[in-house]
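Novice: Okay, here's the structure, questions in a sec.
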Amino acid sequence: MNKLSIEDLKLQGKTVLMRVDFNVPQNADGSVRDDRRIQEALKSINYVCEKGGKLILMSHLGRPKAGEDNTKYKMDPIAAHLATLVKSKVTKVDEVVGPAVEAAVAALQSGDILVLENTRFHPGETKNDPELSKQLAALGDIYISDAFGTVHRAHASTEGITHFIGQSAAGFLVAREMAYFGRVLSDPDRPLVAILGGAKVSDKITVIENLLNLVDTLIIGGGMAYTFMKAQGHEIGNSLLDAAGLDTAKNIMAIAREKGVELLLPTDNVVADAFSNDAQWKVVPLGGIEPGWEGLDIGPETLARFSEVITKAHTVVWNGPVGVFEMENFAKGTRGIAELLAAHPEITSIIGGGDSAAAVKQFGLDEKMSHVSTGGGASLEMLEGKILPGLAALTDK
Ligand code: AMP
């Protein structure tokens with residue numbers, strides 16, 4: 001993915017439109033509860049301002065609905081929070097495009113920041129309306145994409161705009177995501193091990209199929225592993241079963257054999273008599289899940305087996321927890337893998353966004369991973385081998 005990046009640009013005196021992901025959790029009064037996403041974008045924001053650019057920031061916030069009172073989705077508290085984190089002067093406009101926005105842009109000095117209103121307040125945003133894209137593009141000279149969480153969607157502020165503006169480049173965040181995932185997909189340092197978990201097989205079929213062409217070992221844990229066990233003829237009690245995924249699971253195991261990819265499934269499980277942290281639980285061997293019990297985590301023998309393979313890897317891609325990590329009693333497998341990766345900095349560890357990212361953060365180990373993706377859906381689509389519209393649209397080097 002040889003795309004223009006922020007460091008390739010001449011920014012002095014230029015008006016720069018940057019798509020960021022400021023879709024942050026808020027308190028009841030609108031104040032920012034968790035500013036991680038804003039913090040993550042600061043590197044690109046400060047870079048543009050320090051290089052003398054005039055910066056226009058675009059983001060969506062929540063899911064505003066047409067015809068309803070969307071006051072709580074306004075960008076004002078986000079802009080106010082940003083102002084406390086940067087040296088630049090920050091102003092905010094109440095529109096996405098139009099005369100008020102144009103006047104605010106005209107008033108910008110080098111190093112200033114203007115935050116536009118929630119892009120999803122405009123009906124053209126999610127429709128990737130060319131008219132809106134054109135109007136946005138007309139506000140500036142250069143486009144920077146720094147919202148990896150949205151690059152899998154072709155919206156006006158993520159894709160459409162690039163067709164009407166001179167240069168489009170990746171910000172630091174997006175460039176980093178492209179570098180890590182690009183390497184896995186094209187030239188990984190082997191052995192390459194993928195760990196997949198989470199709830200449903202059907203959600204991850206395309207990822208598994210693509211990964212089978214890339215990886216040396218595929219480890220499957222979490223809720224979806226039970227569909228594989230069932231497909232092998234083992235009793236799984238009340239464990240998660242993706243009935244529609246049974247044939248797929250059989251097929252995947254056959255393809256893995258054909259391609260010579262090692263496929264590892266749990267050999268023991270932590271089972272509980274209810275889906276609750278207060279439930280009774282015990283460890284049982286493969287095939288030992290009795291009626292009325294459900295598998296909520298990998299067992300210690302499985303963790304040891306998985307660990308042996310993981311420590312020999314040079315690259316590990318991890319998407320989906322291997323147990324119900326939100327409940328302390330069923331977090332041991334997921335925590336064990338996270339701790340192992342944290343203890344082996346020589347392994348390039350790439351954590352997909354979404355639940356796996358949430359898990360490593362919950363354990364306080366996110367800083368110890370080589371890369372924790374900022375996009376759940378986008379990282380999954382990257383691993384599926386899909387072309388993401390917001391990345392494809394950036395200017396080639
Ligand atoms: P996904 O969104 O498909 O990646 O699924 C993530 C969710 O799967 C997390 O909320 C986990 O708690 C859940 N999960 C992981 N293992 C299991 C399991 N054995 N049974 C039920 N849910 C699970």
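Chain labels follow the order of the structure tokens: the first chain is A, the next B, and so on; residue numbering restarts at 1 in every chain, and ligands are counted from 1 in their shown order.
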For Leu246 in chain A, find every residue with an atom within 12 Å (counting only C-alpha atoms), except residues of its own chain fewer than 2 positions away, and show them as a list in words.
Specialist: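 So, after excluding close chain neighbours, the residues are Lys200, Val201, Ser202, Ile205, Met224, Ala225, Tyr226, Thr227, Phe228, Met229, Lys230, Ala231, Gln232, Gly233, Leu240, Leu241, Asp242, Ala243, Ala244, Thr248, Ala249, Lys250, Asn251, Ile252 and Met253 of chain A.
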Novice: Would you please extract all helix (DSSP H, G or I) residues from range 36-232 of chain A, as assigned by DSSP on the backbone, and give them as a ChimeraX atom specification?
Specialist: /A:36-50,71-73,76-83,99-106,119-121,130-137,148-150,160-164,172-186,201-211,225-231
Novice: Let's have the selection written as a PDB file, in the first residue's frame, with C-alpha atoms.
Specialist:
ATOM      1  CA  ARG A  36      -8.305   8.003  24.016  1.00  0.00           C
ATOM      2  CA  ARG A  37      -9.397   8.550  20.410  1.00  0.00           C
ATOM      3  CA  ILE A  38      -8.708  12.277  20.634  1.00  0.00           C
ATOM      4  CA  GLN A  39      -5.314  11.612  22.221  1.00  0.00           C
ATOM      5  CA  GLU A  40      -4.476   9.174  19.435  1.00  0.00           C
ATOM      6  CA  ALA A  41      -5.125  11.803  16.749  1.00  0.00           C
ATOM      7  CA  LEU A  42      -3.010  14.495  18.467  1.00  0.00           C
ATOM      8  CA  LYS A  43       0.186  13.475  16.708  1.00  0.00           C
ATOM      9  CA  SER A  44      -1.257  14.263  13.272  1.00  0.00           C
ATOM     10  CA  ILE A  45      -3.147  17.336  14.523  1.00  0.00           C
ATOM     11  CA  ASN A  46      -0.095  18.881  16.175  1.00  0.00           C
ATOM     12  CA  TYR A  47       2.086  18.026  13.180  1.00  0.00           C
ATOM     13  CA  VAL A  48      -0.162  19.945  10.765  1.00  0.00           C
ATOM     14  CA  CYS A  49      -0.367  22.946  13.121  1.00  0.00           C
ATOM     15  CA  GLU A  50       3.386  22.987  13.796  1.00  0.00           C
ATOM     16  CA  THR A  71     -28.376  18.135  20.381  1.00  0.00           C
ATOM     17  CA  LYS A  72     -26.465  15.468  22.294  1.00  0.00           C
ATOM     18  CA  TYR A  73     -24.533  14.580  19.140  1.00  0.00           C
ATOM     19  CA  ASP A  76     -19.175  21.319  20.975  1.00  0.00           C
ATOM     20  CA  PRO A  77     -18.003  19.337  24.041  1.00  0.00           C
ATOM     21  CA  ILE A  78     -15.491  17.472  21.894  1.00  0.00           C
ATOM     22  CA  ALA A  79     -14.051  20.712  20.468  1.00  0.00           C
ATOM     23  CA  ALA A  80     -13.911  22.177  24.003  1.00  0.00           C
ATOM     24  CA  HIS A  81     -12.022  19.102  25.200  1.00  0.00           C
ATOM     25  CA  LEU A  82      -9.608  19.264  22.274  1.00  0.00           C
ATOM     26  CA  ALA A  83      -8.876  22.914  23.151  1.00  0.00           C
ATOM     27  CA  PRO A  99     -21.512  30.007   4.195  1.00  0.00           C
ATOM     28  CA  ALA A 100     -20.928  29.953   7.980  1.00  0.00           C
ATOM     29  CA  VAL A 101     -18.263  27.274   7.514  1.00  0.00           C
ATOM     30  CA  GLU A 102     -16.668  29.149   4.609  1.00  0.00           C
ATOM     31  CA  ALA A 103     -16.457  32.327   6.733  1.00  0.00           C
ATOM     32  CA  ALA A 104     -14.865  30.396   9.610  1.00  0.00           C
ATOM     33  CA  VAL A 105     -12.314  28.842   7.226  1.00  0.00           C
ATOM     34  CA  ALA A 106     -11.476  32.265   5.781  1.00  0.00           C
ATOM     35  CA  THR A 119     -20.565  15.072   9.672  1.00  0.00           C
ATOM     36  CA  ARG A 120     -23.571  12.761  10.109  1.00  0.00           C
ATOM     37  CA  PHE A 121     -25.824  15.781  10.683  1.00  0.00           C
ATOM     38  CA  PRO A 130     -20.839  13.870  -4.488  1.00  0.00           C
ATOM     39  CA  GLU A 131     -22.352  17.321  -3.823  1.00  0.00           C
ATOM     40  CA  LEU A 132     -21.376  17.202  -0.150  1.00  0.00           C
ATOM     41  CA  SER A 133     -17.977  15.714  -1.038  1.00  0.00           C
ATOM     42  CA  LYS A 134     -17.369  18.581  -3.464  1.00  0.00           C
ATOM     43  CA  GLN A 135     -18.402  21.225  -0.930  1.00  0.00           C
ATOM     44  CA  LEU A 136     -16.155  19.725   1.738  1.00  0.00           C
ATOM     45  CA  ALA A 137     -13.219  19.467  -0.661  1.00  0.00           C
ATOM     46  CA  PHE A 148      -8.907   4.148  10.676  1.00  0.00           C
ATOM     47  CA  GLY A 149     -12.193   3.131  12.339  1.00  0.00           C
ATOM     48  CA  THR A 150     -14.086   4.578   9.369  1.00  0.00           C
ATOM     49  CA  GLY A 160     -16.004  10.973  -1.608  1.00  0.00           C
ATOM     50  CA  ILE A 161     -13.955  14.052  -0.722  1.00  0.00           C
ATOM     51  CA  THR A 162     -10.771  12.534  -2.179  1.00  0.00           C
ATOM     52  CA  HIS A 163     -12.212  12.734  -5.693  1.00  0.00           C
ATOM     53  CA  PHE A 164     -12.460  16.523  -5.554  1.00  0.00           C
ATOM     54  CA  PHE A 172       0.167   8.978  11.378  1.00  0.00           C
ATOM     55  CA  LEU A 173      -2.526   6.664  12.820  1.00  0.00           C
ATOM     56  CA  VAL A 174      -3.730   5.376   9.466  1.00  0.00           C
ATOM     57  CA  ALA A 175      -0.181   5.056   8.099  1.00  0.00           C
ATOM     58  CA  ARG A 176       0.731   2.904  11.115  1.00  0.00           C
ATOM     59  CA  GLU A 177      -2.319   0.672  10.637  1.00  0.00           C
ATOM     60  CA  MET A 178      -1.503   0.260   6.939  1.00  0.00           C
ATOM     61  CA  ALA A 179       2.111  -0.582   7.731  1.00  0.00           C
ATOM     62  CA  TYR A 180       1.255  -3.318  10.258  1.00  0.00           C
ATOM     63  CA  PHE A 181      -1.615  -4.920   8.358  1.00  0.00           C
ATOM     64  CA  GLY A 182       0.096  -4.452   4.999  1.00  0.00           C
ATOM     65  CA  ARG A 183       3.126  -6.367   6.292  1.00  0.00           C
ATOM     66  CA  VAL A 184       0.972  -9.242   7.585  1.00  0.00           C
ATOM     67  CA  LEU A 185      -0.832  -9.493   4.275  1.00  0.00           C
ATOM     68  CA  SER A 186       2.164  -9.226   1.965  1.00  0.00           C
ATOM     69  CA  VAL A 201     -18.196 -18.529  13.015  1.00  0.00           C
ATOM     70  CA  SER A 202     -20.404 -16.951  10.345  1.00  0.00           C
ATOM     71  CA  ASP A 203     -19.042 -13.456  11.147  1.00  0.00           C
ATOM     72  CA  LYS A 204     -15.483 -14.577  10.567  1.00  0.00           C
ATOM     73  CA  ILE A 205     -15.722 -17.001   7.617  1.00  0.00           C
ATOM     74  CA  THR A 206     -14.112 -14.640   5.118  1.00  0.00           C
ATOM     75  CA  VAL A 207     -11.348 -13.772   7.568  1.00  0.00           C
ATOM     76  CA  ILE A 208     -10.625 -17.446   8.211  1.00  0.00           C
ATOM     77  CA  GLU A 209     -10.638 -18.264   4.509  1.00  0.00           C
ATOM     78  CA  ASN A 210      -8.201 -15.468   3.740  1.00  0.00           C
ATOM     79  CA  LEU A 211      -5.995 -16.254   6.738  1.00  0.00           C
ATOM     80  CA  ALA A 225     -14.542 -22.908  18.802  1.00  0.00           C
ATOM     81  CA  TYR A 226     -17.579 -24.874  20.035  1.00  0.00           C
ATOM     82  CA  THR A 227     -19.082 -24.979  16.573  1.00  0.00           C
ATOM     83  CA  PHE A 228     -15.809 -26.578  15.387  1.00  0.00           C
ATOM     84  CA  MET A 229     -15.893 -29.087  18.274  1.00  0.00           C
ATOM     85  CA  LYS A 230     -19.486 -29.952  17.458  1.00  0.00           C
ATOM     86  CA  ALA A 231     -18.518 -30.392  13.800  1.00  0.00           C
TER      87      ALA A 231
END
Novice: Residues within 7 Å of ligand 1 should be enumerated using only C-alpha atoms and all ligand atoms and returned as a list of chain:residue names.
Specialist: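 Those residues are A:Gly197, A:Gly198, A:Ala199, A:Lys200, A:Asp203, A:Gly222, A:Gly223, A:Ser239, A:Leu240, A:Gly295, A:Leu296, A:Asp297, A:Asn319, A:Gly320, A:Pro321, A:Val322, A:Gly323, A:Val324, A:Phe325, A:Glu326, A:Asp355.
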Novice: I need the residues from that last selection saved to file as an mmCIF file, in the first residue's frame (with N, CA, C and O atoms), if you can.
Specialist:
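part30.cif written:
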data_model
loop_
_atom_site.group_PDB
_atom_site.id
_atom_site.type_symbol
_atom_site.label_atom_id
_atom_site.label_comp_id
_atom_site.auth_asym_id
_atom_site.auth_seq_id
_atom_site.Cartn_x
_atom_site.Cartn_y
_atom_site.Cartn_z
ATOM 1 N N GLY A 197 -11.023 -15.538 17.884
ATOM 2 C CA GLY A 197 -11.995 -15.897 18.921
ATOM 3 C C GLY A 197 -13.268 -15.128 18.677
ATOM 4 O O GLY A 197 -13.536 -14.725 17.543
ATOM 5 N N GLY A 198 -14.004 -14.909 19.739
ATOM 6 C CA GLY A 198 -15.268 -14.194 19.589
ATOM 7 C C GLY A 198 -16.408 -15.173 19.446
ATOM 8 O O GLY A 198 -16.232 -16.384 19.605
ATOM 9 N N ALA A 199 -17.558 -14.637 19.112
ATOM 10 C CA ALA A 199 -18.779 -15.423 19.263
ATOM 11 C C ALA A 199 -19.137 -16.314 18.065
ATOM 12 O O ALA A 199 -19.301 -17.518 18.221
ATOM 13 N N LYS A 200 -19.214 -15.747 16.878
ATOM 14 C CA LYS A 200 -19.835 -16.487 15.773
ATOM 15 C C LYS A 200 -18.866 -16.878 14.666
ATOM 16 O O LYS A 200 -18.041 -16.068 14.252
ATOM 17 N N ASP A 203 -19.602 -14.810 11.257
ATOM 18 C CA ASP A 203 -19.042 -13.456 11.147
ATOM 19 C C ASP A 203 -17.616 -13.473 10.618
ATOM 20 O O ASP A 203 -17.128 -12.480 10.101
ATOM 21 N N GLY A 222 -12.523 -19.157 21.971
ATOM 22 C CA GLY A 222 -13.735 -18.364 22.156
ATOM 23 C C GLY A 222 -14.992 -19.136 21.805
ATOM 24 O O GLY A 222 -14.972 -20.350 21.567
ATOM 25 N N GLY A 223 -16.095 -18.395 21.730
ATOM 26 C CA GLY A 223 -17.390 -19.016 21.482
ATOM 27 C C GLY A 223 -17.415 -19.802 20.182
ATOM 28 O O GLY A 223 -18.062 -20.852 20.075
ATOM 29 N N SER A 239 -23.024 -24.789 25.197
ATOM 30 C CA SER A 239 -22.058 -23.821 24.650
ATOM 31 C C SER A 239 -22.628 -23.178 23.394
ATOM 32 O O SER A 239 -23.510 -23.745 22.746
ATOM 33 N N LEU A 240 -22.077 -22.029 23.055
ATOM 34 C CA LEU A 240 -22.502 -21.319 21.841
ATOM 35 C C LEU A 240 -22.396 -22.236 20.643
ATOM 36 O O LEU A 240 -21.357 -22.848 20.422
ATOM 37 N N GLY A 295 -19.300 -23.930 27.707
ATOM 38 C CA GLY A 295 -17.884 -23.552 27.687
ATOM 39 C C GLY A 295 -17.742 -22.046 27.584
ATOM 40 O O GLY A 295 -18.264 -21.431 26.651
ATOM 41 N N LEU A 296 -17.041 -21.454 28.574
ATOM 42 C CA LEU A 296 -16.902 -19.991 28.562
ATOM 43 C C LEU A 296 -15.445 -19.536 28.471
ATOM 44 O O LEU A 296 -15.168 -18.340 28.393
ATOM 45 N N ASP A 297 -14.510 -20.497 28.489
ATOM 46 C CA ASP A 297 -13.100 -20.106 28.366
ATOM 47 C C ASP A 297 -12.299 -21.341 27.955
ATOM 48 O O ASP A 297 -12.760 -22.480 28.128
ATOM 49 N N ASN A 319 -7.554 -11.626 16.725
ATOM 50 C CA ASN A 319 -8.859 -10.997 16.592
ATOM 51 C C ASN A 319 -9.928 -11.809 17.314
ATOM 52 O O ASN A 319 -10.272 -12.904 16.884
ATOM 53 N N GLY A 320 -10.409 -11.293 18.406
ATOM 54 C CA GLY A 320 -11.486 -11.944 19.161
ATOM 55 C C GLY A 320 -10.960 -12.653 20.407
ATOM 56 O O GLY A 320 -10.017 -13.434 20.333
ATOM 57 N N PRO A 321 -11.585 -12.386 21.546
ATOM 58 C CA PRO A 321 -11.170 -13.005 22.806
ATOM 59 C C PRO A 321 -11.422 -14.514 22.808
ATOM 60 O O PRO A 321 -12.341 -14.983 22.136
ATOM 61 N N VAL A 322 -10.597 -15.275 23.553
ATOM 62 C CA VAL A 322 -10.770 -16.736 23.568
ATOM 63 C C VAL A 322 -11.705 -17.194 24.688
ATOM 64 O O VAL A 322 -11.867 -18.394 24.925
ATOM 65 N N GLY A 323 -12.302 -16.256 25.380
ATOM 66 C CA GLY A 323 -13.274 -16.580 26.419
ATOM 67 C C GLY A 323 -14.081 -15.342 26.743
ATOM 68 O O GLY A 323 -13.886 -14.291 26.130
ATOM 69 N N VAL A 324 -14.997 -15.486 27.692
ATOM 70 C CA VAL A 324 -15.819 -14.336 28.082
ATOM 71 C C VAL A 324 -14.979 -13.470 29.037
ATOM 72 O O VAL A 324 -15.140 -13.531 30.258
ATOM 73 N N PHE A 325 -14.079 -12.683 28.452
ATOM 74 C CA PHE A 325 -13.081 -11.935 29.236
ATOM 75 C C PHE A 325 -13.714 -10.869 30.118
ATOM 76 O O PHE A 325 -13.109 -10.394 31.064
ATOM 77 N N GLU A 326 -14.984 -10.508 29.800
ATOM 78 C CA GLU A 326 -15.659 -9.487 30.608
ATOM 79 C C GLU A 326 -15.972 -10.028 32.006
ATOM 80 O O GLU A 326 -16.230 -9.256 32.922
ATOM 81 N N ASP A 355 -13.285 -6.084 20.382
ATOM 82 C CA ASP A 355 -13.217 -6.768 21.670
ATOM 83 C C ASP A 355 -11.819 -7.184 22.088
ATOM 84 O O ASP A 355 -11.497 -7.171 23.279
#
Novice: Name the closest residue to Leu218 in chain A among the candidates A:Ala154, A:Leu303, A:Ile310, A:Val283; distances are taken between atoms, counting only C-alpha atoms.
Specialist: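 Nearest candidate to Leu218 in chain A out of A:Ala154, A:Leu303, A:Ile310, A:Val283: A:Ile310.
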Novice: Counting only C-alpha atoms, figure out which residue out of A:Leu85, A:Leu394, A:Ile219, A:Leu196 gets nearest to Arg305 in chain A.
Specialist: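 Looking only at the distances to Arg305 in chain A, the closest residue turns out to be A:Ile219.
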Novice: Find the residues near Phe275 in chain A: any atom within 8 Å, counting only C-alpha atoms, skip ones fewer than 3 places away on the same chain, and give them as a list in words.
Specialist: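 Once the nearby chain positions are removed, what remains is Ala272, Ala279, Glu294 and Leu296 of chain A.
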Novice: Provide the CA of Lys386 in chain A to CA of Ser145 in chain A distance in Å, to one decimal place.
Specialist: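 Answer for the CA of Lys386 in chain A to CA of Ser145 in chain A separation: 18.2 Å.
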Novice: One decimal, in Å: what's the spacing between CA of Lys368 in chain A and CA of Thr334 in chain A?
Specialist: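 Separation between CA of Lys368 in chain A and CA of Thr334 in chain A: 15.0 Å.
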